[in-house]
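Below is one structure, written out as structure tokens; comments come after it.
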Amino acid sequence: MKPKTNRLKQGRRRSRKAGLPPGTLVHVGDRKVESVRVTYLDYDENKVEEKQVSAIEECFPFKATPTATWINIDGLHDVEMMERLGKEFDLHPLILEDVLNTGQRPKFEDFGKNVFIVLRMLSYNEALQAVESEQVSLIVGAGFVISFQERVGDVFEPIRERIRSNKGRIRKMKADYLAYALVDSVVDSYFMILERFGEKIELMEDKLVSDPTEKTLQQIHAMKREAILLRKSVWPLREAVSGLQRSESDLIGEVTSVYLRDVYDHTIQTIDTIESFRDMVSGMLDIYLSSISNKMNSVMKVLTIIATIFIPLTFVAGIYGMNFESMPELKWKYGYAAVWVVMLTIGMAMVIYFRRRKWL
Amino acid sequence: MKPKTNRLKQGRRRSRKAGLPPGTLVHVGDRKVESVRVTYLDYDENKVEEKQVSAIEECFPFKATPTATWINIDGLHDVEMMERLGKEFDLHPLILEDVLNTGQRPKFEDFGKNVFIVLRMLSYNEALQAVESEQVSLIVGAGFVISFQERVGDVFEPIRERIRSNKGRIRKMKADYLAYALVDSVVDSYFMILERFGEKIELMEDKLVSDPTEKTLQQIHAMKREAILLRKSVWPLREAVSGLQRSESDLIGEVTSVYLRDVYDHTIQTIDTIESFRDMVSGMLDIYLSSISNKMNSVMKVLTIIATIFIPLTFVAGIYGMNFESMPELKWKYGYAAVWVVMLTIGMAMVIYFRRRKWL
Amino acid sequence: MKPKTNRLKQGRRRSRKAGLPPGTLVHVGDRKVESVRVTYLDYDENKVEEKQVSAIEECFPFKATPTATWINIDGLHDVEMMERLGKEFDLHPLILEDVLNTGQRPKFEDFGKNVFIVLRMLSYNEALQAVESEQVSLIVGAGFVISFQERVGDVFEPIRERIRSNKGRIRKMKADYLAYALVDSVVDSYFMILERFGEKIELMEDKLVSDPTEKTLQQIHAMKREAILLRKSVWPLREAVSGLQRSESDLIGEVTSVYLRDVYDHTIQTIDTIESFRDMVSGMLDIYLSSISNKMNSVMKVLTIIATIFIPLTFVAGIYGMNFESMPELKWKYGYAAVWVVMLTIGMAMVIYFRRRKWL
Amino acid sequence: MKPKTNRLKQGRRRSRKAGLPPGTLVHVGDRKVESVRVTYLDYDENKVEEKQVSAIEECFPFKATPTATWINIDGLHDVEMMERLGKEFDLHPLILEDVLNTGQRPKFEDFGKNVFIVLRMLSYNEALQAVESEQVSLIVGAGFVISFQERVGDVFEPIRERIRSNKGRIRKMKADYLAYALVDSVVDSYFMILERFGEKIELMEDKLVSDPTEKTLQQIHAMKREAILLRKSVWPLREAVSGLQRSESDLIGEVTSVYLRDVYDHTIQTIDTIESFRDMVSGMLDIYLSSISNKMNSVMKVLTIIATIFIPLTFVAGIYGMNFESMPELKWKYGYAAVWVVMLTIGMAMVIYFRRRKWL
Amino acid sequence: MKPKTNRLKQGRRRSRKAGLPPGTLVHVGDRKVESVRVTYLDYDENKVEEKQVSAIEECFPFKATPTATWINIDGLHDVEMMERLGKEFDLHPLILEDVLNTGQRPKFEDFGKNVFIVLRMLSYNEALQAVESEQVSLIVGAGFVISFQERVGDVFEPIRERIRSNKGRIRKMKADYLAYALVDSVVDSYFMILERFGEKIELMEDKLVSDPTEKTLQQIHAMKREAILLRKSVWPLREAVSGLQRSESDLIGEVTSVYLRDVYDHTIQTIDTIESFRDMVSGMLDIYLSSISNKMNSVMKVLTIIATIFIPLTFVAGIYGMNFESMPELKWKYGYAAVWVVMLTIGMAMVIYFRRRKWL
């Protein structure tokens, strides 16, 4: 059961760091890519420049330009490079510590010179049949956004495409709008995860009615845990996005703020859906439990009907199996027939009784 | 089970849009009408003008007039028309995006030049025996209200009638009062839905006592889900109406604000009733479960009584069915009669025991 | 089951009004009295005047006088009279709408020229063995209080007596103190209802221990619903009284405000008690359920003891009831006795085993 | 069951007062002492004077002195004396009403000229094995504290001792510090009650594991009710102490305020512990219920094992007990032995099956 | 069961102090070390001085120096020493009272001249297989931090190492940063505890599926109690750290405040994980309970199948074991064979029936 392991590691990983001075850069988490990949996308209304660089220093010149620059870093284990980046862009040591420490909950922090956002990007792992969670960190400064991901592959491709092809308003806007767009696409991707989860619930509900087994219970429990994980990833986002939107930082413009309100709405919507899912999953447990009770009830009924009909009859047969010398009935001509009549009468009476009690 | 599908789609539909730039107009939802129907109602204290137009442009002249204008649009799939409307009335792109995206939760947003309200209009589908939910969006501007519905048919007919016949104060008031009247009639319509739901609960409670079956459990579960849906539709309305009432927008006048407080009260009342329903539905589950237990108990009792009486008797009969050569009792003159006496005594003792334990 | 009907009607009744313009006066609720009864009580420190009037207009002169006037109206169906009253006393249309619409939750609203209070007066209907709830509306203006009740008969008689006989400080105070006195006596009357409810709980708890039946469960469920109703009636009162007390309205004086704090305290105390009752009622359900389980357990034990002792014995008897030609034991002289010894030994062993397991 | 009666009376007693004008002095509660006992303790840094007076008027002279005076009254039924006291110390009628009405929840009220505090003093009644609750009211004025108790005997003796022997700082401080000391010693006494309760929980948990009976359930239920009572007594104290501490009354000095923060901390600590106890008690119920299930399970297993082994064997014996004329097996030389082999084989197979299922 | 005792003592210990004047120094708690150990660490950017002193007075000179001084005291029972320390450093008596009273919940208090912080340091006792909790108190003044622990051995060693070797920024910072570092390392150590707890949950979940026994329930219950203890230790920390961070005390600098926000984040993360654990533990109880039900169900099925097949067959055999003189079937040539056919048919029919019901 891989996903369980995955789930619990979040709290655990941090312990590796205990005792180090705050701001010490140590990558806490699994190394998910071979080598760190750094790309930049520099654009304004008139031009776009995109490149995968081999050394982080190639990105440094863009810091001062009036264009918007998006530096994306896939893979977090090159700690030394991070330090060079931090020095150049004047980042607070705690920012980089949190970037490298991949067990953060979603949050927003205003460090004055830049704004720091942590998100959790969810994806559905088909092999494990489980939701996986990856930490995405954004640093928004004057004229740049630096994004950090644990591995290559993300939900940002449509944004890149929009920048390249100058679709929508993104090329006309500053770095804050880019940051908004990134947050927005992460939140939008949650809806796909919820869709999968909703389908699973539907399947499970049908199965629950048609054929509940002990394995069903395990699956309900797994879904409950998955709902807990989803909740943990999305719930703090509400506060983070709300903080970002109402932030008084100069880095977040008025116009972007309106768009962030929209993201906030989507977050609430996601939370609402997750809460409904939780209600439904716990409702399924109730159904499962009472379905077990019902089954046991029907098993009991069969036993009771058979036993209640035949035990008295067997007693009657036992009577006339006794070997007393003087049992007048045994010598009666119609004794045997009479016993059959008695037994059939008893049997019929029982059946009628059960009918009336609606057991048959 | 159509309604279940319906219920879960809300979170799912959005995923179609993931990756598009914000403000892109895409109709997300089922196309519920063949063609879009646009009507306007322009009025002041002295005159009323009402018309179903073939092109949205016919409504544009009313934008500048001092009269109050209500433009109603049934059907959301004509995206191009929406864009023309948005351009003319200077609507924020996010407003139209939300209008077209029919999975919104009730909300109120102040965009400065206009105010945006999303409501959920509930109706009871007799065929599916389930509550259905349709998104109604209102845009309130200076001198106009634009309302969007997913399909033809609404709860606004009485308002139209009041405007036409100059009943009440509506003709004397501005567009904000019209917006209030629309919100009010949506909230008022909830009471009818709750009435239906209340009747269903009463029926179910009677059935639960008289004849609980496994199907009853399914129905209780379905009602629980319906209560969740109702809650999800009404709960956020509280905040939305409260926001609208306390809004500092110039578009909402002092007088209307008093009326909105009344709508707020009705919303709270609705929420109260839904919460009571939830309590009652979960109480029904308790009764159902303990009723199963009681049934099993009575099944067990019957089995136990029959078995406990006859098993010892059968043993006695078995004794005298043995073929030992020297069994003195078998030769006694009253042996057979004595055995009957013994067996009847045992049987009576058992019956008395059960009587005392109140099992009979 | 009348009370159930009663309970659910609250949400339902409103639906009759859906579609009418706000402020339209329609009596929504049961007509509980034949004819509307109007009385007034006009007093200051020196004089009292009390009269039952035939036309509401007789009360109008007191509007302008410096004395405190209490107009009480029993019965709400005379809509036309209400309209005349509303016009004369300059009441907001929404006030009268709420007065006539008898499904309001307790609330306080400040309309500037007057203050509007809705309360629910509870009474215990001995015939139905259930709590009944009646809406009492108070309008407090400068120098007058108008109270509306659904039927004749209330908890205000002691206040009338105090005014007539100049007991306490009421004659020295203004209309706001009268309003306070009315609210106070409604809240005080809740304690009597809670006393009844507490007695019912005590009786039920005793019964639960001594003799729980399926009917007990129904009664617990009924009490749970009653607790929900009580809660619904009292909980919003907290906010209403608190609003009234902290109101900045000129109509509520400093001195009265201190007294209102006392009412607020009593309301909290009532809510506390109701919450305890809810806890106790749900605790009773737990006891009931585990008592069923215990019963089933003891039924099972009886069955198991009897069956486990006699089934092996019957088998032994069955052995020697076989008709094989060569069964040496059958011919032994003490064969029969030996079998008895064997059987008694088995039986004793079983009994000892059950003793050790504490089943006997 | 005395304690139950005790518990429910709190809500009930008030009903005796319904209808009286507010501020009317009526003693609501049990008369717990024969005669009212009044003592005073007047002190400053240099002198102490302590006396039990026969008439309340003896205390009046201390009202104006600059020393701190503590007037303690045990027994509340001398209403007339209360009125004289109220007149002399200029107390608001609602204060005295609350003092006499012994069902108050803990609260703090600022009446300007004096501050009113209600506490609940808990004590463990060994005879009833239950917690008892007594109302303690404090009135703090400029230079005096008046305390009211329902009966003689309290937790204040150490404070008296400290004043007499000038231990600690109490003699150097004013009346507000005395009030703090009284509240503090009441809160401190809760820890002793919680200690008792904690011991009871421990005992119960051990019993639950070793020997759960139906009586155990009753005791768990009683503990749950006791926890509810504790909670009801302590929870509102939080707000009361917090209000007292942050009060802007001139009567509570800066220095005392710091000490009150300490009391607040202790109150929170008490509430924390009570909440943990509630969790533990409800956990015990879960254990009890599943222990019943486990018991039934093991009963079922015994029945099933015995029945399943012997029923088939009895059937085999029954076969050869039939009286058909032509049953070849009966004539075989080793028929009887063969049947034994068959039966033993069946029996062994069953035993092996149960072993594998871990039922044996 | 030592840990249980441990758990409940927290509320209990205080009772020893009831009645003493506030601020009286009494050590409430177990004396966990033989002798009190006092060490100091005085440092600035240029020098470090570390020493274990024999008399507290050796630390007094550092009070006035501009360097940062950390005085650490292991063992709390030397009350007299505490008093001398308190006098020298001008500590409020309530601070020292709380330091000695080792049942405090985490809190932060601003006493003006110094800031007081209480933390709970958790450690996993391998022998008892349980979490233990120790109180750590910090007093932050201008230029010094005094820390109190119940016993020798803590999680602060890495901090000492950092100071000695001038690693990180700690030597460049003031006493407030030292206080932050201490709080941070306590919070960081929680992650290790949670890691252990997470592993226990995983083990338990596997066991629950493979082999649930009655002991499993006990363990689940123990884990639930442990989760309650964890929660109680960490939850109030949230408020404490948040208060510390937003404190307006001059003692906490701007720069340190940013770091404290980081600690706050970690606290929230810890709480989140604990809440997930609680959810998982209560989910385990559900699984355990339904697993018991499932087991009973399968026991019932075996009984029912065996009994239902053989009881009717035994009846048939009983019929032909009767001794009537005229039973024609007994004389038929193929009578015996026919009975076998009948019995096999009945048996087969039963098996088919059970197959169809999926019991086999």
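Chain identifiers are assigned as A, B, and so on, following the order in which chains appear in the structure tokens; residues are numbered from 1 within each chain, and ligands are numbered from 1 in order of appearance.
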Find the nearest atom pair between each residue of chain D and chain A for residues within 10 Å, count only C-alpha atoms, give distances in Å to one decimal, sort rows by chain and ascending number, and present the table as a Markdown table.
| residue | atom | partner | partner_atom | distance |
| --- | --- | --- | --- | --- |
| D:Gly318 | CA | A:Gly318 | CA | 10.0 |
| D:Gly321 | CA | A:Gly321 | CA | 8.7 |
| D:Met322 | CA | A:Gly321 | CA | 8.9 |
| D:Asn323 | CA | A:Gly321 | CA | 9.4 |
Suppose we keep N, CA and C atoms; can you now write the selection as a PDB file, in the first residue's frame?
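New file selection-v3.pdb:
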ATOM      1  N   GLY D 318     -28.923 -41.226  13.299  1.00  0.00           N
ATOM      2  CA  GLY D 318     -30.350 -41.332  12.957  1.00  0.00           C
ATOM      3  C   GLY D 318     -30.567 -42.290  11.782  1.00  0.00           C
ATOM      4  N   GLY D 321     -30.642 -45.711  12.788  1.00  0.00           N
ATOM      5  CA  GLY D 321     -31.710 -45.972  13.743  1.00  0.00           C
ATOM      6  C   GLY D 321     -33.028 -46.245  13.015  1.00  0.00           C
ATOM      7  N   MET D 322     -32.982 -46.139  11.676  1.00  0.00           N
ATOM      8  CA  MET D 322     -34.201 -46.379  10.907  1.00  0.00           C
ATOM      9  C   MET D 322     -34.524 -47.869  10.909  1.00  0.00           C
ATOM     10  N   ASN D 323     -35.800 -48.150  10.731  1.00  0.00           N
ATOM     11  CA  ASN D 323     -36.251 -49.532  10.876  1.00  0.00           C
ATOM     12  C   ASN D 323     -36.529 -50.238   9.558  1.00  0.00           C
TER      13      ASN D 323
END
* For region 149-166 of chain B, list every protein, DNA or RNA residue within 8 Å, evaluated using only C-alpha atoms, and leave out those in the same chain fewer than 4 positions away; present the list as a ChimeraX atom specification. => /B:31-33,37,43,48,72-76,134-137,170-171,181-182,185-186,189 /C:19-21
Selected residues, C-alpha atoms, written as a compact mmCIF listing (two decimals), in the first residue's frame, please.
# COMPACT_ATOMS: atom_id res chain seq x y z
CA ARG B 31 -27.36 23.13 -23.15
CA LYS B 32 -30.86 23.10 -21.77
CA VAL B 33 -32.73 25.09 -24.44
CA ARG B 37 -34.43 33.78 -25.76
CA TYR B 43 -40.46 50.78 -17.13
CA VAL B 48 -44.00 49.89 -19.42
CA ASN B 72 -33.70 38.56 -19.24
CA ILE B 73 -31.73 35.92 -21.15
CA ASP B 74 -32.85 32.27 -21.14
CA GLY B 75 -30.12 29.92 -22.42
CA LEU B 76 -26.41 30.48 -22.15
CA GLU B 134 -30.51 25.94 -11.97
CA GLN B 135 -28.09 28.84 -11.91
CA VAL B 136 -29.56 32.36 -12.05
CA SER B 137 -27.10 35.23 -12.47
CA ILE B 170 -42.02 48.27 -7.89
CA ARG B 171 -42.79 50.77 -10.68
CA ALA B 181 -37.52 41.52 -5.94
CA LEU B 182 -35.80 38.86 -8.06
CA SER B 185 -38.78 35.55 -5.21
CA VAL B 186 -35.98 32.97 -5.56
CA SER B 189 -39.55 29.66 -3.80
CA GLY C 19 -44.93 35.64 -5.65
CA LEU C 20 -46.72 38.44 -3.85
CA PRO C 21 -45.05 41.86 -3.64
* Find the spatial neighbours of region 144-146 of chain B, counting only C-alpha atoms, within a cut-off of 6 Å - ignore same-chain residues fewer than 3 positions away - and output them as JSON, numbers by chain. => {"B": [68, 69, 70, 71, 72, 138, 139, 140, 141, 175]}
Keeping all heavy atoms, export the residues of the selection given above as a compact mmCIF listing (two decimals), in the first residue's frame.
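Writing the result to out01.txt gives the following:
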# COMPACT_ATOMS: atom_id res chain seq x y z
N ALA B 68 -35.94 52.15 -15.53
CA ALA B 68 -35.37 50.88 -15.09
C ALA B 68 -35.60 49.84 -16.18
O ALA B 68 -36.70 49.77 -16.75
CB ALA B 68 -36.02 50.42 -13.79
N THR B 69 -34.56 49.07 -16.51
CA THR B 69 -34.67 48.09 -17.59
C THR B 69 -34.26 46.72 -17.07
O THR B 69 -33.25 46.57 -16.40
CB THR B 69 -33.74 48.46 -18.76
OG1 THR B 69 -33.94 49.83 -19.08
CG2 THR B 69 -34.00 47.56 -19.96
N TRP B 70 -35.10 45.75 -17.39
CA TRP B 70 -34.78 44.37 -17.00
C TRP B 70 -34.59 43.55 -18.27
O TRP B 70 -35.53 43.31 -19.02
CB TRP B 70 -35.90 43.81 -16.14
CG TRP B 70 -35.76 42.35 -15.80
CD1 TRP B 70 -34.67 41.55 -15.94
CD2 TRP B 70 -36.78 41.51 -15.27
NE1 TRP B 70 -34.92 40.28 -15.53
CE2 TRP B 70 -36.23 40.21 -15.09
CE3 TRP B 70 -38.11 41.71 -14.91
CZ2 TRP B 70 -36.96 39.14 -14.60
CZ3 TRP B 70 -38.83 40.64 -14.41
CH2 TRP B 70 -38.26 39.38 -14.25
N ILE B 71 -33.37 43.13 -18.54
CA ILE B 71 -33.08 42.27 -19.68
C ILE B 71 -32.93 40.85 -19.17
O ILE B 71 -32.11 40.60 -18.28
CB ILE B 71 -31.79 42.72 -20.39
CG1 ILE B 71 -31.92 44.17 -20.84
CG2 ILE B 71 -31.45 41.80 -21.55
CD1 ILE B 71 -30.63 44.79 -21.33
N ASN B 72 -33.76 39.95 -19.70
CA ASN B 72 -33.70 38.56 -19.24
C ASN B 72 -33.24 37.66 -20.38
O ASN B 72 -33.77 37.73 -21.48
CB ASN B 72 -35.08 38.11 -18.76
CG ASN B 72 -35.03 36.70 -18.22
OD1 ASN B 72 -34.21 36.39 -17.36
ND2 ASN B 72 -35.86 35.82 -18.76
N LEU B 138 -27.47 37.52 -11.83
CA LEU B 138 -28.01 38.88 -11.97
C LEU B 138 -26.87 39.87 -12.05
O LEU B 138 -25.94 39.81 -11.24
CB LEU B 138 -28.88 39.25 -10.77
CG LEU B 138 -30.06 38.34 -10.42
CD1 LEU B 138 -30.77 38.87 -9.18
CD2 LEU B 138 -31.03 38.27 -11.58
N ILE B 139 -26.96 40.79 -13.03
CA ILE B 139 -26.01 41.90 -13.06
C ILE B 139 -26.81 43.17 -12.84
O ILE B 139 -27.76 43.45 -13.59
CB ILE B 139 -25.27 41.95 -14.41
CG1 ILE B 139 -24.49 40.64 -14.62
CG2 ILE B 139 -24.32 43.14 -14.46
CD1 ILE B 139 -23.96 40.49 -16.02
N VAL B 140 -26.48 43.89 -11.80
CA VAL B 140 -27.20 45.11 -11.49
C VAL B 140 -26.31 46.30 -11.83
O VAL B 140 -25.18 46.39 -11.33
CB VAL B 140 -27.58 45.18 -10.00
CG1 VAL B 140 -28.48 46.36 -9.73
CG2 VAL B 140 -28.21 43.88 -9.54
N GLY B 141 -26.79 47.16 -12.72
CA GLY B 141 -26.03 48.37 -13.06
C GLY B 141 -26.87 49.59 -12.77
O GLY B 141 -27.95 49.49 -12.19
N ALA B 175 -33.77 50.18 -10.36
CA ALA B 175 -33.30 48.85 -10.72
C ALA B 175 -32.89 48.04 -9.49
O ALA B 175 -33.03 46.81 -9.47
CB ALA B 175 -32.13 48.95 -11.68
* Asked: Contacts of Ser210 (chain D) at 12 Å or less, counting only C-alpha atoms, minus same-chain residues fewer than 3 places along, as a PyMOL selection string?
  -> (chain D and resi 203-207+213+216+287-288+291) or (chain E and resi 218)
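Pairwise distance (CA of Val38 (chain A), CA of Ile117 (chain A)) equals 19.1 Å.
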8 Å contact set for Leu85 (chain D), only C-alpha atoms, chain neighbours under 3 positions out, as a tab-separated table (two decimals) with N, CA, C and O atoms, in the first residue's frame:
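Once written, part17.tsv looks like this:
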chain	number	residue	atom	x	y	z
D	56	ILE	N	-27.34	42.66	60.46
D	56	ILE	CA	-26.57	43.11	59.31
D	56	ILE	C	-26.11	44.55	59.49
D	56	ILE	O	-25.06	44.96	58.97
D	57	GLU	N	-26.91	45.33	60.27
D	57	GLU	CA	-26.62	46.74	60.43
D	57	GLU	C	-25.24	46.98	61.05
D	57	GLU	O	-24.62	48.03	60.85
D	81	MET	N	-33.59	41.10	55.31
D	81	MET	CA	-32.23	41.55	55.60
D	81	MET	C	-31.50	41.96	54.33
D	81	MET	O	-30.79	42.97	54.28
D	82	MET	N	-31.72	41.15	53.29
D	82	MET	CA	-31.10	41.45	52.00
D	82	MET	C	-31.51	42.83	51.51
D	82	MET	O	-30.71	43.60	50.99
D	88	GLU	N	-28.64	50.00	51.88
D	88	GLU	CA	-27.48	50.65	52.48
D	88	GLU	C	-26.31	50.73	51.49
D	88	GLU	O	-25.67	51.78	51.35
D	89	PHE	N	-26.04	49.60	50.80
D	89	PHE	CA	-24.88	49.57	49.90
D	89	PHE	C	-25.23	49.99	48.47
D	89	PHE	O	-24.43	49.86	47.57
* Pull the alpha helix (DSSP H) assignments for region 97-234 of chain C out of DSSP run on the backbone, and list those residues as a ChimeraX atom specification. => /C:97-100,157-165,175-210,214-234
Limited to C-alpha atoms, could you put the picked residues into a file as a PDB file, in the first residue's frame?
ATOM      1  CA  GLU C  97     -45.900  41.451   6.832  1.00  0.00           C
ATOM      2  CA  ASP C  98     -43.794  39.707   9.457  1.00  0.00           C
ATOM      3  CA  VAL C  99     -46.468  40.138  12.121  1.00  0.00           C
ATOM      4  CA  LEU C 100     -49.021  38.362   9.959  1.00  0.00           C
ATOM      5  CA  GLU C 157     -51.353  38.698  32.951  1.00  0.00           C
ATOM      6  CA  PRO C 158     -48.927  39.355  35.857  1.00  0.00           C
ATOM      7  CA  ILE C 159     -47.639  42.424  34.020  1.00  0.00           C
ATOM      8  CA  ARG C 160     -51.165  43.778  33.555  1.00  0.00           C
ATOM      9  CA  GLU C 161     -51.741  43.187  37.233  1.00  0.00           C
ATOM     10  CA  ARG C 162     -48.568  45.063  38.130  1.00  0.00           C
ATOM     11  CA  ILE C 163     -49.610  48.016  36.002  1.00  0.00           C
ATOM     12  CA  ARG C 164     -53.115  48.095  37.444  1.00  0.00           C
ATOM     13  CA  SER C 165     -51.955  47.842  41.037  1.00  0.00           C
ATOM     14  CA  ALA C 175     -42.776  52.150  27.036  1.00  0.00           C
ATOM     15  CA  ASP C 176     -39.304  50.634  26.636  1.00  0.00           C
ATOM     16  CA  TYR C 177     -39.538  49.175  30.131  1.00  0.00           C
ATOM     17  CA  LEU C 178     -42.924  47.723  29.240  1.00  0.00           C
ATOM     18  CA  ALA C 179     -41.366  46.073  26.199  1.00  0.00           C
ATOM     19  CA  TYR C 180     -38.638  44.695  28.421  1.00  0.00           C
ATOM     20  CA  ALA C 181     -41.210  43.358  30.866  1.00  0.00           C
ATOM     21  CA  LEU C 182     -43.044  41.568  28.053  1.00  0.00           C
ATOM     22  CA  VAL C 183     -39.870  39.970  26.679  1.00  0.00           C
ATOM     23  CA  ASP C 184     -38.809  39.037  30.209  1.00  0.00           C
ATOM     24  CA  SER C 185     -42.063  37.272  31.000  1.00  0.00           C
ATOM     25  CA  VAL C 186     -41.875  35.273  27.753  1.00  0.00           C
ATOM     26  CA  VAL C 187     -38.324  34.160  28.563  1.00  0.00           C
ATOM     27  CA  ASP C 188     -39.317  33.383  32.169  1.00  0.00           C
ATOM     28  CA  SER C 189     -42.113  31.173  30.900  1.00  0.00           C
ATOM     29  CA  TYR C 190     -39.526  29.020  29.112  1.00  0.00           C
ATOM     30  CA  PHE C 191     -38.274  27.803  32.469  1.00  0.00           C
ATOM     31  CA  MET C 192     -41.630  26.174  33.107  1.00  0.00           C
ATOM     32  CA  ILE C 193     -41.492  24.385  29.757  1.00  0.00           C
ATOM     33  CA  LEU C 194     -37.970  23.207  30.511  1.00  0.00           C
ATOM     34  CA  GLU C 195     -39.143  21.959  33.887  1.00  0.00           C
ATOM     35  CA  ARG C 196     -41.743  19.792  32.155  1.00  0.00           C
ATOM     36  CA  PHE C 197     -39.190  18.574  29.682  1.00  0.00           C
ATOM     37  CA  GLY C 198     -36.729  17.776  32.456  1.00  0.00           C
ATOM     38  CA  GLU C 199     -39.369  15.714  34.240  1.00  0.00           C
ATOM     39  CA  LYS C 200     -40.075  13.808  31.042  1.00  0.00           C
ATOM     40  CA  ILE C 201     -36.363  13.035  30.673  1.00  0.00           C
ATOM     41  CA  GLU C 202     -36.182  11.755  34.245  1.00  0.00           C
ATOM     42  CA  LEU C 203     -39.213   9.503  33.733  1.00  0.00           C
ATOM     43  CA  MET C 204     -37.775   8.241  30.471  1.00  0.00           C
ATOM     44  CA  GLU C 205     -34.402   7.467  32.016  1.00  0.00           C
ATOM     45  CA  ASP C 206     -36.026   5.406  34.737  1.00  0.00           C
ATOM     46  CA  LYS C 207     -38.113   3.548  32.183  1.00  0.00           C
ATOM     47  CA  LEU C 208     -35.080   2.952  30.007  1.00  0.00           C
ATOM     48  CA  VAL C 209     -33.386   1.087  32.796  1.00  0.00           C
ATOM     49  CA  SER C 210     -36.391  -0.847  34.039  1.00  0.00           C
ATOM     50  CA  GLU C 214     -39.638  -0.457  20.964  1.00  0.00           C
ATOM     51  CA  LYS C 215     -42.100   2.237  21.964  1.00  0.00           C
ATOM     52  CA  THR C 216     -39.402   3.746  24.190  1.00  0.00           C
ATOM     53  CA  LEU C 217     -37.334   4.381  21.091  1.00  0.00           C
ATOM     54  CA  GLN C 218     -40.221   6.223  19.470  1.00  0.00           C
ATOM     55  CA  GLN C 219     -40.555   8.363  22.558  1.00  0.00           C
ATOM     56  CA  ILE C 220     -36.847   9.155  22.669  1.00  0.00           C
ATOM     57  CA  HIS C 221     -37.085  10.177  19.032  1.00  0.00           C
ATOM     58  CA  ALA C 222     -40.100  12.367  19.790  1.00  0.00           C
ATOM     59  CA  MET C 223     -38.188  14.023  22.626  1.00  0.00           C
ATOM     60  CA  LYS C 224     -35.274  14.623  20.319  1.00  0.00           C
ATOM     61  CA  ARG C 225     -37.576  16.394  17.896  1.00  0.00           C
ATOM     62  CA  GLU C 226     -39.069  18.413  20.706  1.00  0.00           C
ATOM     63  CA  ALA C 227     -35.582  19.457  21.787  1.00  0.00           C
ATOM     64  CA  ILE C 228     -34.893  20.530  18.188  1.00  0.00           C
ATOM     65  CA  LEU C 229     -38.062  22.641  18.238  1.00  0.00           C
ATOM     66  CA  LEU C 230     -37.156  24.235  21.579  1.00  0.00           C
ATOM     67  CA  ARG C 231     -33.696  24.990  20.333  1.00  0.00           C
ATOM     68  CA  LYS C 232     -35.038  26.553  17.158  1.00  0.00           C
ATOM     69  CA  SER C 233     -37.327  28.795  19.210  1.00  0.00           C
ATOM     70  CA  VAL C 234     -34.799  29.922  21.782  1.00  0.00           C
TER      71      VAL C 234
END
* region 107-115 of chain E surroundings by only C-alpha atoms, 9 Å radius, close-in-sequence under 3 positions cut, as a ChimeraX atom specification -> /D:258,265 /E:90-92,95,104,118-119,138-142,236-244,247,249-252
* Using DSSP on the backbone, list every residue of region 133-334 of chain D that comes out as strand (DSSP E or B), and give them as a PyMOL selection string. => chain D and resi 133-141+144-149
